[in-house]
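To be precise, the following lines are input32.csv, and they hold CSV, C-alpha atoms.
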```csv
chain,number,residue,atom,x,y,z
A,1,MET,CA,6.6,-0.1,20.0
A,2,LYS,CA,7.3,-0.8,16.4
A,3,ILE,CA,3.7,-1.0,15.4
A,4,SER,CA,3.2,2.7,16.0
A,5,PHE,CA,5.9,3.5,13.5
A,6,LEU,CA,4.2,1.2,11.0
A,7,ASN,CA,0.8,2.7,11.6
A,8,GLY,CA,2.4,6.1,10.8
A,9,LEU,CA,3.7,4.7,7.6
A,10,ILE,CA,0.5,3.1,6.7
A,11,LEU,CA,-1.0,6.5,6.7
A,12,VAL,CA,1.9,8.3,5.2
A,13,LEU,CA,-0.4,8.8,2.1
A,14,ALA,CA,-2.8,10.4,4.5
A,15,GLN,CA,-0.9,11.4,7.6
A,16,ALA,CA,1.9,10.5,9.8
A,17,PHE,CA,3.8,12.1,12.7
A,18,VAL,CA,3.7,15.8,13.2
A,19,LEU,CA,6.9,17.2,14.7
A,20,GLN,CA,9.5,19.6,13.5
A,21,ALA,CA,10.2,20.1,9.8
A,22,ASN,CA,13.1,17.7,9.1
A,23,ALA,CA,13.3,15.1,6.3
A,24,ASN,CA,12.6,12.0,8.4
A,25,ILE,CA,10.9,9.4,6.2
A,26,ASP,CA,12.3,8.6,2.7
A,27,VAL,CA,9.9,6.6,0.5
A,28,ASN,CA,11.1,5.0,-2.8
A,29,CYS,CA,8.9,3.3,-5.4
A,30,ILE,CA,9.7,-0.2,-6.3
A,31,MET,CA,10.7,-0.5,-9.9
A,32,GLU,CA,9.6,3.1,-10.4
A,33,ASP,CA,5.9,2.3,-10.0
A,34,CYS,CA,4.4,2.7,-6.5
A,35,LEU,CA,0.9,2.0,-7.7
A,36,THR,CA,1.7,-1.3,-9.2
A,37,GLU,CA,4.8,-2.7,-7.3
A,38,GLY,CA,4.6,-0.8,-4.0
A,39,TRP,CA,7.2,1.2,-2.0
A,40,GLN,CA,9.9,1.0,0.6
A,41,SER,CA,9.8,3.4,3.5
A,42,PHE,CA,12.9,4.3,5.5
A,43,ASP,CA,12.7,6.2,8.8
A,44,GLN,CA,16.0,8.2,8.9
A,45,ARG,CA,15.7,8.8,12.7
A,46,SER,CA,15.3,5.2,13.8
A,47,GLY,CA,16.9,3.4,10.8
A,48,GLU,CA,13.8,1.2,10.5
A,49,SER,CA,12.1,0.4,7.3
A,50,ASN,CA,8.9,-1.2,6.0
A,51,LEU,CA,7.7,-2.5,2.8
A,52,THR,CA,4.3,-1.8,1.1
A,53,VAL,CA,3.2,-4.4,-1.5
A,54,CYS,CA,0.3,-3.8,-3.9
A,55,ARG,CA,-2.3,-6.6,-4.0
A,56,ASP,CA,-2.6,-8.1,-7.5
A,57,ASN,CA,-0.1,-5.5,-8.8
A,58,ASP,CA,-2.8,-2.8,-8.4
A,59,CYS,CA,-2.7,-0.6,-5.3
A,60,ASN,CA,-5.5,1.6,-6.8
A,61,LEU,CA,-8.1,-1.2,-7.2
A,62,SER,CA,-7.0,-4.0,-5.0
A,63,GLY,CA,-5.2,-2.3,-2.1
A,64,TRP,CA,-2.0,-3.2,-0.4
A,65,HIS,CA,-0.4,-4.6,2.7
A,66,ASN,CA,2.4,-3.3,4.8
A,67,GLU,CA,5.2,-5.5,6.1
A,68,TYR,CA,7.7,-4.9,8.9
A,69,LYS,CA,10.6,-7.4,9.1
A,70,GLU,CA,8.8,-9.5,6.5
A,71,LYS,CA,5.6,-9.8,8.6
A,72,PRO,CA,2.3,-8.2,7.6
A,73,VAL,CA,1.2,-5.5,10.0
A,74,SER,CA,-1.7,-3.9,8.1
A,75,GLU,CA,-4.0,-4.7,5.2
A,76,VAL,CA,-5.6,-2.0,3.0
A,77,GLU,CA,-8.8,-2.6,1.1
A,78,CYS,CA,-10.0,-0.2,-1.5
A,79,LYS,CA,-13.5,1.1,-1.5
A,80,PRO,CA,-15.6,0.0,-4.6
A,81,GLU,CA,-14.6,2.8,-6.9
A,82,GLY,CA,-10.9,2.4,-6.1
A,83,CYS,CA,-8.5,3.6,-3.4
A,84,PHE,CA,-7.6,6.9,-5.1
A,85,ASN,CA,-11.1,7.6,-6.5
A,86,GLU,CA,-13.2,6.8,-3.4
A,87,GLY,CA,-10.9,5.8,-0.5
A,88,TRP,CA,-9.7,2.9,1.5
A,89,LYS,CA,-9.8,1.2,4.8
A,90,VAL,CA,-6.8,0.1,6.9
A,91,TYR,CA,-7.0,-3.0,9.1
A,92,ASP,CA,-4.6,-4.5,11.6
A,93,ALA,CA,-3.2,-7.6,10.0
A,94,ARG,CA,-3.0,-9.4,13.4
A,95,ASN,CA,-6.6,-9.0,14.6
A,96,GLY,CA,-8.6,-7.5,11.7
A,97,ASN,CA,-9.5,-4.3,13.7
A,98,LEU,CA,-10.2,-1.2,11.7
A,99,LEU,CA,-7.3,1.3,12.1
A,100,SER,CA,-8.6,4.0,9.7
A,101,ASP,CA,-11.2,4.8,7.1
A,102,VAL,CA,-10.1,7.1,4.4
A,103,THR,CA,-12.5,9.0,2.1
A,104,CYS,CA,-11.4,11.0,-1.0
A,105,GLN,CA,-12.2,14.7,-1.1
A,106,SER,CA,-14.5,15.7,-3.9
A,107,SER,CA,-15.7,18.6,-6.0
A,108,PHE,CA,-18.6,19.2,-8.3
A,109,SER,CA,-16.9,17.0,-10.9
A,110,GLY,CA,-16.4,14.0,-8.6
A,111,SER,CA,-13.9,12.7,-6.0
A,112,ALA,CA,-10.3,12.1,-6.5
A,113,CYS,CA,-7.7,11.7,-3.7
A,114,LEU,CA,-4.7,12.5,-5.9
A,115,GLN,CA,-6.3,15.9,-6.9
A,116,PHE,CA,-8.3,17.1,-3.9
A,117,GLY,CA,-6.8,15.1,-1.0
A,118,TRP,CA,-8.6,12.9,1.6
A,119,THR,CA,-10.0,12.7,5.0
A,120,THR,CA,-8.9,10.0,7.5
A,121,TYR,CA,-11.1,8.9,10.3
A,122,GLN,CA,-9.4,6.8,13.0
A,123,PRO,CA,-11.7,5.3,15.6
A,124,GLY,CA,-11.2,7.1,19.0
A,125,ARG,CA,-8.9,9.7,17.5
A,126,ALA,CA,-9.1,13.0,15.7
A,127,THR,CA,-10.1,13.2,12.0
A,128,ILE,CA,-7.1,14.1,9.8
A,129,THR,CA,-7.3,16.1,6.6
A,130,THR,CA,-4.9,15.7,3.8
A,131,ARG,CA,-4.7,18.3,1.0
A,132,CYS,CA,-2.9,18.0,-2.3
A,133,LEU,CA,-0.3,20.7,-3.0
A,134,ASN,CA,-1.4,22.8,-6.0
A,135,GLY,CA,-4.2,20.2,-6.7
A,136,ASP,CA,-1.6,17.6,-7.6
A,137,CYS,CA,-0.6,14.9,-5.2
A,138,ARG,CA,1.0,12.8,-7.9
A,139,ASN,CA,3.7,15.4,-8.9
A,140,SER,CA,3.8,17.9,-6.1
A,141,GLY,CA,2.9,16.2,-2.8
A,142,TRP,CA,0.5,16.9,0.0
A,143,ASP,CA,0.1,18.5,3.5
A,144,VAL,CA,-1.4,16.6,6.4
A,145,TYR,CA,-3.5,18.5,9.0
A,146,VAL,CA,-3.9,16.9,12.4
A,147,PRO,CA,-5.9,19.1,14.8
A,148,GLY,CA,-3.7,20.7,17.4
A,149,TYR,CA,-0.4,20.3,15.4
A,150,ALA,CA,1.4,22.1,12.7
A,151,PRO,CA,0.8,20.8,9.2
A,152,GLN,CA,3.1,18.0,8.0
A,153,SER,CA,4.6,18.3,4.6
A,154,VAL,CA,5.0,15.4,2.1
A,155,ARG,CA,6.8,16.3,-1.1
A,156,CYS,CA,7.4,14.3,-4.3
A,157,LYS,CA,10.8,13.5,-5.5
A,158,ARG,CA,11.8,14.7,-8.9
A,159,GLY,CA,9.9,12.5,-11.3
A,160,GLY,CA,6.7,12.2,-9.2
A,161,CYS,CA,5.5,10.7,-6.0
A,162,PHE,CA,4.2,7.4,-7.5
A,163,THR,CA,7.0,7.0,-10.0
A,164,ILE,CA,10.1,7.8,-7.9
A,165,GLY,CA,8.8,8.4,-4.3
A,166,TRP,CA,8.3,11.1,-1.7
A,167,THR,CA,9.8,12.6,1.4
A,168,VAL,CA,8.0,13.1,4.7
A,169,TYR,CA,9.0,16.1,6.6
A,170,GLN,CA,8.3,15.9,10.3
```

What would you get if you wrote out this structure as C-alpha cells?
Amino acid sequence: MKISFLNGLILVLAQAFVLQANANIDVNCIMEDCLTEGWQSFDQRSGESNLTVCRDNDCNLSGWHNEYKEKPVSEVECKPEGCFNEGWKVYDARNGNLLSDVTCQSSFSGSACLQFGWTTYQPGRATITTRCLNGDCRNSGWDVYVPGYAPQSVRCKRGGCFTIGWTVYQ
C-alpha cells in the first residue's frame, strides 16, 4: 500500500526501511532550504515520490506535512521548544491517529536532534534510535537503528542535508 512508503518517508529524518545498502531514496531540498521550503523525496526502486511542505515556512518551529499525489498523508507538529530542539509528533492526516512521537537526544548542555540524534516511539512497534554521524546531522548525515535490523545510513549531499538534500541507503 502506498501509505507504508509514505510513513517511511515521514520518518526518513528518523528512520525508514532497513534492507540492503543501496541508494534507494533521493531527497532534494526545495529552493535549497529544506527547513523553510520543504523537500521532495524520490524512491528509486518504485519510482514514487512525495512532497514535504513546511508549515508557515518554518519546519523547525511550525512542523510540516507530507503529500502523496497532492493529498496530505501526515501532519507533523513540533514540540514546544521546536522540532529539532525538543522533537515532534507525526499524525495520520486522514484520521488524526498518532503515528510516531520523536524526542531529541540530549547531553549535559541540552537537547539537539541535529547534533545528538533522536528517538522515535511508534505505538505498537519497536523504539527506533537515530544517531548523527560525527555529531553533525546537518552536514554529515545519520544512522538509523531499528532493533533486529542492520543500521540504515542516511548521508548528506555535498552542501549539506538541509540545504541540498540527502540520500537514504537501504

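In this model, the gap between atom CA of A:Cys59 and atom CA of A:Gln40 comes to 14.0 Å.
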
**Complete:** If you count only C-alpha atoms, the residue of A:Tyr169, A:Trp88, A:Phe42, A:Phe162 closest to A:Thr120 turns out to be A:Trp88

Distance query stretch 71-85 of chain A at most 6 Å, all atoms listed in the file, self and fewer than 6 positions along chain excluded, as a compact mmCIF listing (two decimals) with C-alpha atoms, in the coordinates of the input:
```txt
# COMPACT_ATOMS: atom_id res chain seq x y z
CA ASN A 60 -5.50 1.60 -6.80
CA LEU A 61 -8.10 -1.20 -7.20
CA SER A 62 -7.00 -4.00 -5.00
CA GLY A 63 -5.20 -2.30 -2.10
CA TRP A 64 -2.00 -3.20 -0.40
CA HIS A 65 -0.40 -4.60 2.70
CA TYR A 91 -7.00 -3.00 9.10
CA ASP A 92 -4.60 -4.50 11.60
CA ALA A 93 -3.20 -7.60 10.00
CA SER A 111 -13.90 12.70 -6.00
CA ALA A 112 -10.30 12.10 -6.50
CA CYS A 113 -7.70 11.70 -3.70
```

**Message:** Taking 5 positions as the minimum chain separation for residues in the same chain, which residues sit within 6 Å of A:Val27 when counting all atoms listed in the file? Answer as JSON, numbers by chain.
**Reply:** {"A": [40, 41, 165, 166]}

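Atom pair atom CA of A:Ala126 / atom CA of A:Cys161 has a distance of 26.3 Å (rounded to one decimal).
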
**Request:** Could you give me, as a ChimeraX atom specification, the residues that have an atom at most 10 Å away from the point (-4.8, 19.5, -10.6) in the coordinates of the file, using only C-alpha atoms?
**Result:** /A:114-116,132-140

Those residues you just picked out, can you put them in a file as a JSON list (two decimals), in the coordinates of the input with C-alpha atoms?
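Just written: part.json:
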```json
[["chain", "number", "residue", "atom", "x", "y", "z"],
["A", 114, "LEU", "CA", -4.70, 12.50, -5.90],
["A", 115, "GLN", "CA", -6.30, 15.90, -6.90],
["A", 116, "PHE", "CA", -8.30, 17.10, -3.90],
["A", 132, "CYS", "CA", -2.90, 18.00, -2.30],
["A", 133, "LEU", "CA", -0.30, 20.70, -3.00],
["A", 134, "ASN", "CA", -1.40, 22.80, -6.00],
["A", 135, "GLY", "CA", -4.20, 20.20, -6.70],
["A", 136, "ASP", "CA", -1.60, 17.60, -7.60],
["A", 137, "CYS", "CA", -0.60, 14.90, -5.20],
["A", 138, "ARG", "CA", 1.00, 12.80, -7.90],
["A", 139, "ASN", "CA", 3.70, 15.40, -8.90],
["A", 140, "SER", "CA", 3.80, 17.90, -6.10]]
```

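Distances from A:Leu35, A:Ile30, A:Pro123, A:Asp43 to A:Val168 were compared using only C-alpha atoms, and the smallest one belongs to A:Asp43.
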
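Interatomic distance, atom CA of A:Thr163 against atom CA of A:Asp143: 19.0 Å.
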
**Message:** So that I can check the surroundings of A:Gly38, please list as a PyMOL selection string every protein, DNA and RNA residue that reaches within 7 Å of it, counting all atoms listed in the file and ignoring chain neighbours fewer than 2 positions away.
**Reply:** chain A and resi 29-30+33-36+52-54

Could you give me stretch 54-76 of chain A completed to N, CA and C atoms, formatted as a PDB file, in the coordinates of the input?
```
ATOM      1  N   CYS A  54       1.651  -3.925  -3.287  1.00  0.00           N
ATOM      2  CA  CYS A  54       0.300  -3.800  -3.900  1.00  0.00           C
ATOM      3  C   CYS A  54      -0.266  -5.229  -4.058  1.00  0.00           C
ATOM      4  N   ARG A  55      -1.542  -5.361  -3.765  1.00  0.00           N
ATOM      5  CA  ARG A  55      -2.300  -6.600  -4.000  1.00  0.00           C
ATOM      6  C   ARG A  55      -2.524  -6.712  -5.521  1.00  0.00           C
ATOM      7  N   ASP A  56      -2.343  -7.863  -6.074  1.00  0.00           N
ATOM      8  CA  ASP A  56      -2.600  -8.100  -7.500  1.00  0.00           C
ATOM      9  C   ASP A  56      -1.964  -7.078  -8.412  1.00  0.00           C
ATOM     10  N   ASN A  57      -0.821  -6.539  -8.006  1.00  0.00           N
ATOM     11  CA  ASN A  57      -0.100  -5.500  -8.800  1.00  0.00           C
ATOM     12  C   ASN A  57      -0.962  -4.307  -9.107  1.00  0.00           C
ATOM     13  N   ASP A  58      -1.889  -3.937  -8.194  1.00  0.00           N
ATOM     14  CA  ASP A  58      -2.800  -2.800  -8.400  1.00  0.00           C
ATOM     15  C   ASP A  58      -3.212  -2.176  -7.123  1.00  0.00           C
ATOM     16  N   CYS A  59      -2.398  -1.241  -6.604  1.00  0.00           N
ATOM     17  CA  CYS A  59      -2.700  -0.600  -5.300  1.00  0.00           C
ATOM     18  C   CYS A  59      -4.044   0.211  -5.465  1.00  0.00           C
ATOM     19  N   ASN A  60      -4.346   0.751  -6.637  1.00  0.00           N
ATOM     20  CA  ASN A  60      -5.500   1.600  -6.800  1.00  0.00           C
ATOM     21  C   ASN A  60      -6.837   0.789  -6.705  1.00  0.00           C
ATOM     22  N   LEU A  61      -6.882  -0.400  -7.254  1.00  0.00           N
ATOM     23  CA  LEU A  61      -8.100  -1.200  -7.200  1.00  0.00           C
ATOM     24  C   LEU A  61      -8.152  -2.285  -6.202  1.00  0.00           C
ATOM     25  N   SER A  62      -6.993  -2.861  -5.915  1.00  0.00           N
ATOM     26  CA  SER A  62      -7.000  -4.000  -5.000  1.00  0.00           C
ATOM     27  C   SER A  62      -6.473  -3.725  -3.617  1.00  0.00           C
ATOM     28  N   GLY A  63      -5.764  -2.613  -3.441  1.00  0.00           N
ATOM     29  CA  GLY A  63      -5.200  -2.300  -2.100  1.00  0.00           C
ATOM     30  C   GLY A  63      -3.791  -2.730  -1.964  1.00  0.00           C
ATOM     31  N   TRP A  64      -3.351  -2.808  -0.728  1.00  0.00           N
ATOM     32  CA  TRP A  64      -2.000  -3.200  -0.400  1.00  0.00           C
ATOM     33  C   TRP A  64      -1.852  -3.682   0.982  1.00  0.00           C
ATOM     34  N   HIS A  65      -0.673  -4.200   1.301  1.00  0.00           N
ATOM     35  CA  HIS A  65      -0.400  -4.600   2.700  1.00  0.00           C
ATOM     36  C   HIS A  65       0.993  -4.032   3.040  1.00  0.00           C
ATOM     37  N   ASN A  66       1.164  -3.762   4.326  1.00  0.00           N
ATOM     38  CA  ASN A  66       2.400  -3.300   4.800  1.00  0.00           C
ATOM     39  C   ASN A  66       3.104  -4.360   5.631  1.00  0.00           C
ATOM     40  N   GLU A  67       4.407  -4.478   5.413  1.00  0.00           N
ATOM     41  CA  GLU A  67       5.200  -5.500   6.100  1.00  0.00           C
ATOM     42  C   GLU A  67       6.306  -4.797   6.906  1.00  0.00           C
ATOM     43  N   TYR A  68       6.565  -5.333   8.060  1.00  0.00           N
ATOM     44  CA  TYR A  68       7.700  -4.900   8.900  1.00  0.00           C
ATOM     45  C   TYR A  68       8.455  -6.153   9.249  1.00  0.00           C
ATOM     46  N   LYS A  69       9.732  -6.186   8.906  1.00  0.00           N
ATOM     47  CA  LYS A  69      10.600  -7.400   9.100  1.00  0.00           C
ATOM     48  C   LYS A  69       9.904  -8.616   8.523  1.00  0.00           C
ATOM     49  N   GLU A  70       9.402  -8.449   7.300  1.00  0.00           N
ATOM     50  CA  GLU A  70       8.800  -9.500   6.500  1.00  0.00           C
ATOM     51  C   GLU A  70       7.521 -10.103   7.089  1.00  0.00           C
ATOM     52  N   LYS A  71       6.893  -9.389   8.029  1.00  0.00           N
ATOM     53  CA  LYS A  71       5.600  -9.800   8.600  1.00  0.00           C
ATOM     54  C   LYS A  71       4.570  -8.769   8.304  1.00  0.00           C
ATOM     55  N   PRO A  72       3.384  -9.181   7.842  1.00  0.00           N
ATOM     56  CA  PRO A  72       2.300  -8.200   7.600  1.00  0.00           C
ATOM     57  C   PRO A  72       1.864  -7.533   8.856  1.00  0.00           C
ATOM     58  N   VAL A  73       1.705  -6.212   8.811  1.00  0.00           N
ATOM     59  CA  VAL A  73       1.200  -5.500  10.000  1.00  0.00           C
ATOM     60  C   VAL A  73      -0.115  -4.785   9.685  1.00  0.00           C
ATOM     61  N   SER A  74      -0.410  -4.520   8.409  1.00  0.00           N
ATOM     62  CA  SER A  74      -1.700  -3.900   8.100  1.00  0.00           C
ATOM     63  C   SER A  74      -2.121  -4.365   6.675  1.00  0.00           C
ATOM     64  N   GLU A  75      -3.426  -4.363   6.484  1.00  0.00           N
ATOM     65  CA  GLU A  75      -4.000  -4.700   5.200  1.00  0.00           C
ATOM     66  C   GLU A  75      -4.897  -3.511   4.780  1.00  0.00           C
ATOM     67  N   VAL A  76      -4.771  -3.098   3.537  1.00  0.00           N
ATOM     68  CA  VAL A  76      -5.600  -2.000   3.000  1.00  0.00           C
ATOM     69  C   VAL A  76      -6.500  -2.515   1.949  1.00  0.00           C
TER      70      VAL A  76
END
```
